>>> print(open('structure36.txt').read())   # compact mmCIF, C-alpha atoms
# COMPACT_ATOMS: atom_id res chain seq x y z
CA MET F 28 27.88 -9.05 22.05
CA ASP F 29 30.91 -9.07 19.78
CA GLN F 30 30.09 -7.71 16.38
CA TYR F 31 31.82 -10.63 14.69
CA ALA F 32 30.49 -13.42 16.89
CA ARG F 33 29.18 -16.43 15.01
CA PRO F 34 25.45 -16.21 14.26
CA ALA F 35 23.26 -18.11 16.69
CA GLU F 36 20.60 -19.09 14.16
CA ALA F 37 20.83 -22.60 12.80
CA GLY F 38 21.74 -22.83 9.16
CA ALA F 39 23.13 -19.30 8.96
CA VAL F 40 26.20 -18.72 6.83
CA ASP F 41 28.91 -16.59 8.45
CA ILE F 42 30.23 -14.33 5.70
CA ARG F 43 31.58 -11.63 8.01
CA PRO F 44 35.22 -10.64 8.16
CA SER F 45 37.66 -11.94 10.77
CA ASN F 46 40.89 -9.96 10.74
CA SER F 47 42.65 -11.18 13.88
CA GLY F 48 46.22 -12.36 13.26
CA VAL F 49 46.16 -12.17 9.44
CA PRO F 50 48.11 -9.91 7.05
CA GLN F 51 46.48 -6.66 5.96
CA GLY F 52 46.42 -7.78 2.33
CA GLU F 53 44.45 -10.87 3.19
CA VAL F 54 42.07 -8.80 5.31
CA ASN F 55 41.44 -6.50 2.35
CA SER F 56 40.89 -9.52 0.11
CA ARG F 57 38.36 -10.95 2.58
CA LEU F 58 36.58 -7.63 2.85
CA GLU F 59 36.28 -7.44 -0.93
CA GLN F 60 34.99 -11.01 -1.06
CA ASN F 61 32.47 -10.16 1.67
CA ARG F 62 31.23 -7.20 -0.35
CA ILE F 63 30.69 -9.53 -3.29
CA ASP F 64 28.85 -12.01 -1.06
CA TYR F 65 26.71 -9.24 0.41
CA SER F 66 25.91 -7.96 -3.08
CA ARG F 67 24.86 -11.46 -4.14
CA GLU F 68 22.65 -11.88 -1.07
CA LYS F 69 21.02 -8.48 -1.61
CA LYS F 70 20.28 -9.41 -5.21
CA LYS F 71 18.53 -12.58 -4.00
CA THR F 72 16.41 -10.64 -1.51
CA LEU F 73 15.46 -8.08 -4.15
CA GLN F 74 14.44 -10.85 -6.54
CA ALA F 75 12.39 -12.47 -3.76
CA ARG F 76 10.13 -9.41 -3.65
CA TYR F 77 8.92 -10.07 -7.16
CA ILE F 78 8.28 -13.74 -6.43
CA TYR F 79 6.07 -12.76 -3.51
CA GLY F 80 4.33 -10.25 -5.76
CA ILE F 81 3.63 -12.97 -8.35
CA ILE F 82 2.28 -15.24 -5.60
CA PHE F 83 0.00 -12.43 -4.46
CA LEU F 84 -1.22 -11.89 -8.04
CA ILE F 85 -2.00 -15.58 -8.50
CA ILE F 86 -3.97 -15.61 -5.24
CA ASN F 87 -5.96 -12.58 -6.44
CA LEU F 88 -6.86 -14.43 -9.63
CA LYS F 89 -7.79 -17.47 -7.56
CA ALA F 90 -10.16 -15.34 -5.45
CA TRP F 91 -11.82 -14.05 -8.60
CA PHE F 92 -12.16 -17.59 -9.98
CA PHE F 93 -13.73 -18.89 -6.77
CA ARG F 94 -16.15 -15.98 -6.73
CA ASP F 95 -17.36 -16.18 -10.33
CA TYR F 96 -16.81 -19.78 -11.46
CA GLY F 97 -16.01 -21.87 -8.39
CA GLN F 98 -19.37 -23.47 -7.83
CA ARG F 99 -19.82 -24.42 -11.47
CA VAL F 100 -16.31 -25.76 -12.13
CA LEU F 101 -14.96 -27.22 -8.88
CA SER F 102 -17.31 -30.12 -8.19
CA HIS F 103 -15.16 -31.56 -5.38
CA PHE F 104 -16.47 -28.82 -3.09
CA TYR F 105 -19.55 -30.98 -2.63
CA ASN F 106 -17.48 -33.45 -0.61
CA ILE F 107 -16.25 -30.84 1.86
CA LYS F 108 -18.63 -30.49 4.81
CA ALA F 109 -17.67 -26.89 5.57
CA CYS F 110 -18.68 -25.84 2.05
CA GLY F 111 -22.34 -26.60 2.71
CA ILE F 112 -24.99 -27.71 0.25
CA ASP F 113 -23.76 -27.73 -3.37
CA GLY F 114 -20.53 -26.16 -2.18
CA GLN F 115 -22.11 -22.70 -2.04
CA ASP F 116 -20.22 -21.71 1.13
CA CYS F 117 -16.88 -22.10 -0.68
CA CYS F 118 -17.81 -19.93 -3.65
CA HIS F 119 -18.97 -16.39 -4.25
CA THR F 120 -18.47 -14.10 -1.23
CA LEU F 121 -17.45 -16.82 1.24
CA GLY F 122 -15.09 -18.29 -1.34
CA VAL F 123 -13.32 -14.94 -1.67
CA LEU F 124 -13.03 -14.64 2.10
CA ARG F 125 -11.59 -18.16 2.38
CA VAL F 126 -8.94 -17.39 -0.23
CA SER F 127 -8.24 -14.07 1.46
CA LEU F 128 -7.84 -15.81 4.83
CA GLY F 129 -5.42 -18.34 3.34
CA CYS F 130 -3.31 -15.55 1.89
CA PHE F 131 -3.42 -13.73 5.22
CA ILE F 132 -2.24 -16.85 7.06
CA PHE F 133 0.68 -17.37 4.70
CA PHE F 134 2.00 -13.82 4.89
CA SER F 135 1.36 -13.65 8.65
CA VAL F 136 3.57 -16.70 9.12
CA MET F 137 6.20 -15.03 6.94
CA PHE F 138 5.87 -11.87 9.03
CA PHE F 139 6.42 -13.61 12.36
CA THR F 140 9.37 -15.61 10.99
CA THR F 141 11.19 -12.61 9.47
CA ILE F 142 10.35 -9.77 11.87
CA LYS F 143 13.34 -7.83 13.24
CA THR F 144 15.73 -9.29 10.68
CA ARG F 145 18.60 -6.85 10.33
CA LYS F 146 21.58 -8.57 8.68
CA LEU F 147 22.01 -10.57 5.50
CA TYR F 148 23.88 -13.36 7.29
CA GLU F 149 20.95 -14.18 9.59
CA ALA F 150 19.06 -17.42 9.00
CA ARG F 151 15.80 -15.48 8.75
CA SER F 152 17.19 -13.60 5.76
CA SER F 153 17.93 -16.89 4.02
CA TRP F 154 14.40 -18.05 4.87
CA HIS F 155 12.93 -14.88 3.33
CA SER F 156 14.83 -15.16 0.04
CA GLY F 157 15.09 -18.94 -0.26
CA TRP F 158 13.58 -22.26 0.83
CA TRP F 159 10.92 -21.95 -1.87
CA ALA F 160 9.98 -25.63 -1.81
CA VAL F 161 9.15 -25.42 1.90
CA LYS F 162 7.25 -22.18 1.38
CA LEU F 163 5.28 -23.75 -1.44
CA VAL F 164 4.08 -26.42 0.99
CA LEU F 165 3.33 -23.71 3.54
CA LEU F 166 1.33 -21.78 0.93
CA ILE F 167 -0.70 -24.85 -0.08
CA VAL F 168 -1.51 -25.66 3.55
CA SER F 169 -2.39 -22.03 4.30
CA MET F 170 -4.74 -21.86 1.32
CA ALA F 171 -6.37 -25.22 2.15
CA VAL F 172 -7.07 -24.68 5.86
CA PRO F 173 -9.83 -22.02 5.44
CA PHE F 174 -11.87 -24.40 3.27
CA PHE F 175 -12.29 -26.73 6.25
CA LEU F 176 -13.51 -24.01 8.62
CA HIS F 177 -17.18 -23.43 9.37
CA SER F 178 -18.80 -20.48 7.62
CA LYS F 179 -19.36 -18.59 10.86
CA TYR F 180 -15.60 -18.39 11.41
CA ILE F 181 -15.16 -17.08 7.88
CA GLN F 182 -17.79 -14.41 8.61
CA ILE F 183 -15.86 -13.42 11.74
CA TYR F 184 -12.70 -13.13 9.66
CA GLY F 185 -14.63 -10.93 7.23
CA GLU F 186 -15.38 -8.47 10.03
CA PHE F 187 -11.70 -8.34 10.98
CA ALA F 188 -10.77 -8.03 7.30
CA ARG F 189 -12.66 -4.75 7.09
CA VAL F 190 -10.40 -3.32 9.79
CA GLY F 191 -7.28 -4.80 8.20
CA ALA F 192 -8.24 -3.38 4.82
CA GLY F 193 -8.68 0.04 6.42
CA ILE F 194 -5.22 -0.22 7.96
CA PHE F 195 -3.85 -1.11 4.53
CA LEU F 196 -5.45 2.00 3.02
CA VAL F 197 -3.82 4.17 5.70
CA LEU F 198 -0.41 2.59 5.06
CA GLN F 199 -0.84 3.07 1.34
CA LEU F 200 -1.88 6.68 1.86
CA VAL F 201 1.18 7.47 3.97
CA SER F 202 3.39 5.87 1.34
CA VAL F 203 1.79 7.92 -1.44
CA ILE F 204 2.20 11.19 0.48
CA GLU F 205 5.83 10.40 1.28
CA PHE F 206 6.45 9.69 -2.41
CA ILE F 207 4.86 12.99 -3.37
CA THR F 208 7.10 14.78 -0.84
CA TRP F 209 10.18 13.05 -2.23
CA TRP F 210 9.13 13.90 -5.80
CA ASN F 211 8.69 17.55 -4.85
CA ASN F 212 12.11 17.70 -3.14
CA TYR F 213 13.75 16.01 -6.12
CA TRP F 214 12.49 18.43 -8.74
CA MET F 215 12.45 21.62 -6.65
CA PRO F 216 15.37 21.24 -4.21
CA ASP F 217 16.48 24.85 -3.86
CA GLU F 218 16.47 28.24 -5.53
CA GLN F 219 19.94 27.84 -7.02
CA LYS F 220 18.89 25.08 -9.44
CA LYS F 221 17.05 27.16 -11.98
CA GLN F 222 16.48 24.35 -14.48
CA SER F 223 15.04 21.94 -11.93
CA CYS F 224 12.72 24.59 -10.54
CA SER F 225 11.53 25.47 -14.05
CA LEU F 226 10.83 21.83 -14.82
CA GLY F 227 9.08 21.42 -11.47
CA LEU F 228 6.89 24.44 -12.21
CA PHE F 229 6.06 23.01 -15.63
CA MET F 230 5.12 19.65 -14.12
CA SER F 231 3.00 21.26 -11.40
CA THR F 232 1.12 23.15 -14.13
CA ILE F 233 0.47 19.89 -15.98
CA PHE F 234 -0.85 18.21 -12.82
CA TYR F 235 -3.16 21.11 -12.00
CA LEU F 236 -4.47 21.28 -15.57
CA ALA F 237 -5.14 17.54 -15.45
CA SER F 238 -6.96 17.98 -12.14
CA VAL F 239 -9.14 20.80 -13.49
CA CYS F 240 -9.93 18.78 -16.61
CA GLY F 241 -10.86 15.83 -14.40
CA ILE F 242 -13.26 18.01 -12.40
CA VAL F 243 -14.90 19.33 -15.59
CA VAL F 244 -15.24 15.84 -17.09
CA MET F 245 -16.80 14.47 -13.89
CA TYR F 246 -19.32 17.31 -13.86
CA ALA F 247 -20.14 16.58 -17.51
CA PHE F 248 -20.59 12.81 -17.10
CA TYR F 249 -21.79 12.37 -13.53
CA GLY F 250 -23.18 15.70 -12.31
CA ARG F 251 -25.09 17.35 -15.13
CA LYS F 252 -28.52 16.52 -13.69
CA VAL F 253 -30.10 17.89 -10.55
CA GLU F 254 -30.99 14.36 -9.45
CA CYS F 255 -27.25 13.60 -9.16
CA SER F 256 -26.90 15.82 -6.12
CA LEU F 257 -24.61 13.39 -4.28
CA ASN F 258 -22.19 13.24 -7.22
CA ILE F 259 -22.28 17.02 -7.49
CA PHE F 260 -21.42 17.24 -3.78
CA PHE F 261 -18.50 14.82 -4.16
CA ILE F 262 -17.08 16.69 -7.16
CA THR F 263 -17.62 20.16 -5.69
CA TRP F 264 -16.00 19.23 -2.38
CA THR F 265 -13.03 17.79 -4.27
CA ALA F 266 -12.68 21.08 -6.18
CA ILE F 267 -12.76 23.00 -2.89
CA LEU F 268 -10.02 20.76 -1.48
CA LEU F 269 -7.86 21.50 -4.53
CA ILE F 270 -8.23 25.24 -3.99
CA VAL F 271 -7.46 24.95 -0.28
CA MET F 272 -4.33 22.88 -0.95
CA MET F 273 -3.06 25.30 -3.58
CA ALA F 274 -3.69 28.32 -1.35
CA MET F 275 -2.04 26.63 1.62
CA SER F 276 1.02 25.64 -0.43
CA LEU F 277 1.49 29.23 -1.60
CA HIS F 278 0.97 30.80 1.82
CA SER F 279 3.96 32.87 2.89
CA LYS F 280 4.42 30.90 6.13
CA VAL F 281 4.27 27.52 4.33
CA ASN F 282 5.75 28.24 0.88
CA ARG F 283 6.05 24.61 -0.25
CA GLY F 284 5.54 25.21 -3.97
CA LEU F 285 2.88 23.88 -6.30
CA LEU F 286 4.36 20.59 -7.44
CA SER F 287 3.45 18.45 -4.43
CA SER F 288 -0.01 20.00 -4.15
CA GLY F 289 -0.51 19.51 -7.90
CA ILE F 290 0.33 15.81 -7.66
CA MET F 291 -1.90 15.46 -4.60
CA ALA F 292 -4.70 17.28 -6.44
CA SER F 293 -4.52 14.74 -9.27
CA TYR F 294 -4.59 11.91 -6.74
CA LEU F 295 -7.71 13.33 -5.04
CA VAL F 296 -9.46 13.74 -8.39
CA PHE F 297 -8.63 10.13 -9.22
CA LEU F 298 -10.07 8.96 -5.87
CA CYS F 299 -13.24 10.98 -6.44
CA TRP F 300 -13.64 9.57 -9.96
CA SER F 301 -13.00 6.04 -8.70
CA ALA F 302 -15.59 6.52 -5.94
CA ILE F 303 -18.25 7.68 -8.37
CA ARG F 304 -17.43 4.82 -10.73
CA SER F 305 -17.99 2.43 -7.82
CA GLU F 306 -21.62 3.47 -7.49
CA PRO F 307 -24.08 0.67 -8.33
CA ALA F 308 -24.64 0.09 -12.03
CA SER F 309 -28.40 0.61 -11.71
CA ASP F 310 -27.93 4.10 -10.36
CA TYR F 311 -29.53 6.88 -12.42
CA CYS F 312 -26.36 8.96 -12.51
CA ASN F 313 -23.94 6.23 -13.60
CA LYS F 314 -25.30 5.01 -16.91
CA GLN F 315 -22.00 3.92 -18.41
CA LYS F 316 -22.23 0.63 -16.53
CA ALA F 317 -26.00 0.22 -16.54
CA ASN F 318 -26.11 -2.49 -19.20
CA GLY F 319 -23.98 -4.83 -17.03
CA ASN F 320 -22.47 -6.65 -20.03
CA SER F 321 -18.99 -8.15 -19.67
CA ASP F 322 -17.55 -6.56 -22.79
CA TRP F 323 -13.84 -6.18 -23.45
CA THR F 324 -13.67 -2.77 -21.70
CA THR F 325 -15.17 -4.27 -18.54
CA ILE F 326 -12.71 -7.16 -18.63
CA LEU F 327 -9.74 -4.85 -19.21
CA SER F 328 -10.89 -2.60 -16.37
CA PHE F 329 -11.18 -5.65 -14.12
CA LEU F 330 -7.67 -6.89 -14.99
CA PHE F 331 -6.26 -3.38 -14.56
CA ALA F 332 -7.89 -3.19 -11.11
CA ILE F 333 -6.26 -6.46 -10.06
CA GLY F 334 -2.89 -5.20 -11.31
CA ALA F 335 -3.41 -1.98 -9.35
CA ILE F 336 -4.11 -3.97 -6.16
CA VAL F 337 -0.89 -5.95 -6.57
CA MET F 338 1.19 -2.87 -7.40
CA ALA F 339 -0.25 -0.90 -4.48
CA THR F 340 0.55 -3.74 -2.09
CA PHE F 341 4.03 -4.26 -3.54
CA SER F 342 5.01 -0.57 -3.57
CA THR F 343 3.76 -0.04 -0.01
CA GLY F 344 5.48 -3.18 1.24
CA ILE F 345 8.95 -2.12 0.06
CA ASP F 346 8.52 1.43 1.41
CA SER F 347 9.31 0.77 5.06
CA GLN F 348 11.41 3.96 5.30
CA SER F 349 8.26 6.10 5.15
CA PHE F 350 7.15 4.57 8.45
CA GLN F 351 10.39 5.00 10.39
CA PHE F 352 10.34 7.55 13.19
CA ARG F 353 14.10 7.92 12.94
CA ASN F 354 16.09 7.92 9.69
CA ASP F 355 19.57 8.50 11.14
CA ASN F 356 20.71 4.87 10.93
CA VAL F 357 23.82 4.34 8.82
CA GLN F 358 23.36 1.69 6.13
CA GLU F 359 26.08 -0.97 6.29
CA ASP F 360 27.11 -3.49 3.64
CA ASP F 361 25.54 -6.42 5.49
CA ASP F 362 22.23 -4.70 6.25
CA ILE F 363 19.11 -6.04 4.56
CA PRO F 364 17.92 -3.76 1.71
CA TYR F 365 14.34 -3.50 3.02
CA ASP F 366 12.37 -4.51 6.10
CA TYR F 367 11.21 -8.11 5.57
CA GLY F 368 8.76 -8.08 8.45
CA PHE F 369 7.06 -4.90 7.28
CA PHE F 370 6.97 -6.23 3.72
CA HIS F 371 5.06 -9.37 4.72
CA LEU F 372 2.84 -7.44 7.14
CA VAL F 373 1.69 -5.16 4.31
CA PHE F 374 0.95 -8.20 2.15
CA ALA F 375 -1.06 -9.72 5.01
CA PHE F 376 -3.17 -6.56 5.22
CA GLY F 377 -3.27 -6.52 1.42
CA ALA F 378 -4.90 -9.98 1.55
CA MET F 379 -7.69 -8.47 3.63
CA TYR F 380 -7.87 -5.51 1.27
CA PHE F 381 -8.35 -7.52 -1.94
CA GLY F 382 -10.93 -9.63 -0.12
CA MET F 383 -12.95 -6.52 0.63
CA LEU F 384 -12.61 -5.23 -2.93
CA PHE F 385 -13.88 -8.47 -4.47
CA ILE F 386 -16.97 -8.41 -2.26
CA SER F 387 -17.30 -4.61 -2.35
CA TRP F 388 -16.86 -4.31 1.45
CA ASN F 389 -20.20 -6.07 1.93
CA LEU F 390 -20.15 -9.50 3.59
CA ASN F 391 -23.59 -10.27 2.17
CA ASN F 392 -22.74 -9.01 -1.29
CA SER F 393 -23.36 -11.08 -4.42
CA ALA F 394 -21.09 -9.34 -6.91
CA ARG F 395 -21.70 -9.76 -10.62
CA LYS F 396 -19.06 -11.35 -12.82
CA TRP F 397 -16.02 -9.31 -13.86
CA SER F 398 -16.85 -6.62 -11.32
CA ILE F 399 -14.63 -5.38 -8.53
CA ASP F 400 -15.15 -2.81 -5.80
CA VAL F 401 -18.68 -1.81 -6.90
CA GLY F 402 -21.38 -0.71 -4.46
CA TRP F 403 -22.26 2.10 -2.09
CA ALA F 404 -19.97 0.74 0.60
CA SER F 405 -17.04 0.91 -1.83
CA THR F 406 -18.04 4.42 -2.88
CA TRP F 407 -18.04 5.76 0.67
CA VAL F 408 -14.80 3.99 1.56
CA LYS F 409 -13.08 5.76 -1.34
CA ILE F 410 -14.65 9.14 -0.55
CA VAL F 411 -13.61 8.93 3.10
CA ASN F 412 -10.15 7.86 1.94
CA GLU F 413 -9.99 10.95 -0.29
CA TRP F 414 -10.96 13.29 2.54
CA PHE F 415 -8.56 11.59 4.91
CA ALA F 416 -5.76 11.93 2.34
CA ALA F 417 -6.42 15.65 1.99
CA THR F 418 -6.46 16.07 5.78
CA ILE F 419 -3.13 14.29 6.24
CA TYR F 420 -1.53 16.26 3.39
CA LEU F 421 -2.75 19.61 4.74
CA TRP F 422 -1.46 18.75 8.20
CA LYS F 423 1.88 17.75 6.68
CA LEU F 424 2.00 21.19 5.05
CA ILE F 425 1.24 23.26 8.13
CA SER F 426 2.77 21.08 10.86
CA PRO F 427 6.33 22.51 10.49
CA THR F 428 4.94 26.04 10.86
CA VAL F 429 2.80 25.04 13.85
CA ARG F 430 5.72 23.32 15.58
CA GLN F 431 7.99 26.29 14.86
CA THR F 432 5.44 28.71 16.30
CA LYS F 433 5.07 26.58 19.44
CA ALA F 434 8.85 26.41 19.82
CA ILE F 435 9.18 30.20 19.51
CA ASP F 436 6.39 30.74 22.03
CA HIS F 437 8.07 28.31 24.42
CA GLU F 438 11.41 30.08 24.07
CA ASP F 439 9.74 33.45 24.68
CA SER F 440 8.01 32.17 27.80
CA VAL F 441 11.26 30.70 29.15
CA ARG F 442 13.14 33.91 28.40
CA GLN F 443 10.45 35.96 30.13
CA ALA F 444 10.59 33.67 33.17
CA VAL F 445 14.37 34.06 33.38
CA VAL F 446 14.03 37.84 33.18
CA ASN F 447 11.41 37.87 35.93
CA VAL F 448 13.63 35.79 38.19
CA ALA F 449 16.64 38.02 37.52
CA LEU F 450 14.78 41.22 38.34
CA PRO F 451 14.85 42.25 42.02
>>> encode(input="structure36.txt", output="structure tokens")
Amino acid sequence: MDQYARPAEAGAVDIRPSNSGVPQGEVNSRLEQNRIDYSREKKKTLQARYIYGIIFLIINLKAWFFRDYGQRVLSHFYNIKACGIDGQDCCHTLGVLRVSLGCFIFFSVMFFTTIKTRKLYEARSSWHSGWWAVKLVLLIVSMAVPFFLHSKYIQIYGEFARVGAGIFLVLQLVSVIEFITWWNNYWMPDEQKKQSCSLGLFMSTIFYLASVCGIVVMYAFYGRKVECSLNIFFITWTAILLIVMMAMSLHSKVNRGLLSSGIMASYLVFLCWSAIRSEPASDYCNKQKANGNSDWTTILSFLFAIGAIVMATFSTGIDSQSFQFRNDNVQEDDDIPYDYGFFHLVFAFGAMYFGMLFISWNLNNSARKWSIDVGWASTWVKIVNEWFAATIYLWKLISPTVRQTKAIDHEDSVRQAVVNVALP
């Protein structure tokens, strides 16, 4: 197909150059105007990301409201048959799942309508960054539909949401590791840049000191009693992972420096701390939350957790480059600045993820007010996520050496075969 053929999508605006039979000066003028138009379109698409992020935040707050205050405040639930007696099937855990399903439907529709968008002049690009009145109607319908479904269908969605939330955690993990790799390459690019290497070494020292301090503090608060053997195991295993990562990074065949492993060490310590903090409030080894009062620290922690969910979803959604198998594509002026389909897909999985956090990964959970991601299921999800993160990072460290060794062995075997054939 001709590169400058008119777009087939209805409603698309053709802002591409056409230089047949026109003076060179006019062609240059059109090209400059096209660059301006492309820049304007890119700005609109970049602004659209934040609008979707705000929508996602509002839906998170709605899920919390339906869980904690829905049955007491929204009396019209009593008139909806699917909500059951006193509207209890549209509040608490099932209320969260219904809101999560509505969010999933909305972003799934956006995913299927923007997938494989490549150019700014396509109609799907205009749909992604505009048509907000139509999308508002779509959002309202998507959020309303789950409240007319029977509870058994919501329970089935909850089972699928566990899988979707797990996929989201894997995507987030890959994005975090890719960011750590980029950060390491940025500050420690080569041996010639003495200042950058010195600053990178300083930063790696800070990260490792923070990690060691985190281990000590966790032992002091959560592992000082023999009865807290599970916490002691979690903390000790995290410390062992830190040592293994540091030793592997400094190995002569790997030699990747300490900055990336230092950042990863801090991330693992944070996951371990978060896992222990997710243990039930009545647990003997987690007394800081045992009173269960909704004081200002609990409320701030809750709001911070919601913000972290939104930021994790947003940052992963715009990081489609970390999931490309090939990065040799040349970026052109009319290319979209990020993958719309991937962006909405991550938000769809993020809808499942926040649903699981609000019910603590337990479909029969009755979470207390102002709590999020608390319970043994949440604890083990975070611990497994920590171990999985360490495994992926270690493999990322040693995989170049392993592939290089296999390549050398293959070359040696081929060379030996050629020699054997050549000999009489």
>>> closest_residue(input="structure36.txt", among="F:Phe229, F:Phe134, F:Tyr420, F:Phe234", to="Leu268 of chain F", atoms="only C-alpha atoms")
F:Tyr420
>>> closest_atom_pairs(input="structure36.txt", of="segment 394-425 of chain F", to="segment 178-192 of chain F", cutoff="12 Å", atoms="only C-alpha atoms", output="Markdown table")
| residue | atom | partner | partner_atom | distance |
| --- | --- | --- | --- | --- |
| F:Ala404 | CA | F:Arg189 | CA | 11.2 |
| F:Ser405 | CA | F:Arg189 | CA | 11.4 |
| F:Val408 | CA | F:Ala192 | CA | 10.4 |
| F:Asn412 | CA | F:Ala192 | CA | 11.8 |
>>> write_last_selection(input="structure36.txt", atoms="C-alpha atoms", output="mmCIF file, in the coordinates of the input")
data_model
loop_
_atom_site.group_PDB
_atom_site.id
_atom_site.type_symbol
_atom_site.label_atom_id
_atom_site.label_comp_id
_atom_site.auth_asym_id
_atom_site.auth_seq_id
_atom_site.Cartn_x
_atom_site.Cartn_y
_atom_site.Cartn_z
ATOM 1 C CA ALA F 404 -19.970 0.740 0.600
ATOM 2 C CA SER F 405 -17.040 0.910 -1.830
ATOM 3 C CA VAL F 408 -14.800 3.990 1.560
ATOM 4 C CA ASN F 412 -10.150 7.860 1.940
#
>>> atom_distance(input="structure36.txt", atom1="atom CA of Ser398 of chain F", atom2="atom CA of Arg125 of chain F")
18.7 Å
>>> atom_distance(input="structure36.txt", atom1="atom CA of Leu298 of chain F", atom2="atom CA of Asn212 of chain F")
24.0 Å
>>> residues_near_point(input="structure36.txt", point="(20.3, -8.2, 5.5)", cutoff="6 Å", atoms="all atoms listed in the file", output="number ranges by chain")
F: 145-147, 361-363
>>> atom_distance(input="structure36.txt", atom1="atom CA of Lys108 of chain F", atom2="atom CA of Leu84 of chain F")
28.5 Å
>>> closest_residue(input="structure36.txt", among="F:His371, F:Arg67, F:Lys89, F:Lys409", to="Thr140 of chain F", atoms="all atoms listed in the file")
F:His371
>>> residues_around(input="structure36.txt", residues="Lys423 of chain F", least_positions_apart="6", cutoff="10 Å", atoms="only C-alpha atoms", output="PyMOL selection string")
chain F and resi 204-205+208+417
>>> closest_residue(input="structure36.txt", among="F:Ile81, F:Ala339, F:Leu226, F:Leu384", to="Ile399 of chain F", atoms="all atoms listed in the file")
F:Leu384
>>> closest_residue(input="structure36.txt", among="F:Phe261, F:Trp388, F:Phe381, F:Phe415", to="Ile303 of chain F", atoms="only C-alpha atoms")
F:Phe261
>>> closest_residue(input="structure36.txt", among="F:Asp116, F:Glu306, F:Glu68, F:Asp95", to="Thr406 of chain F", atoms="only C-alpha atoms")
F:Glu306
>>> closest_residue(input="structure36.txt", among="F:Thr72, F:Thr144, F:Thr343, F:Asn211", to="Ser276 of chain F", atoms="all atoms listed in the file")
F:Asn211
>>> residues_around(input="structure36.txt", residues="Cys240 of chain F", least_positions_apart="2", cutoff="12 Å", atoms="all atoms listed in the file", output="ChimeraX atom specification")
/F:233-238,242-247,266,292-293,296-297,300
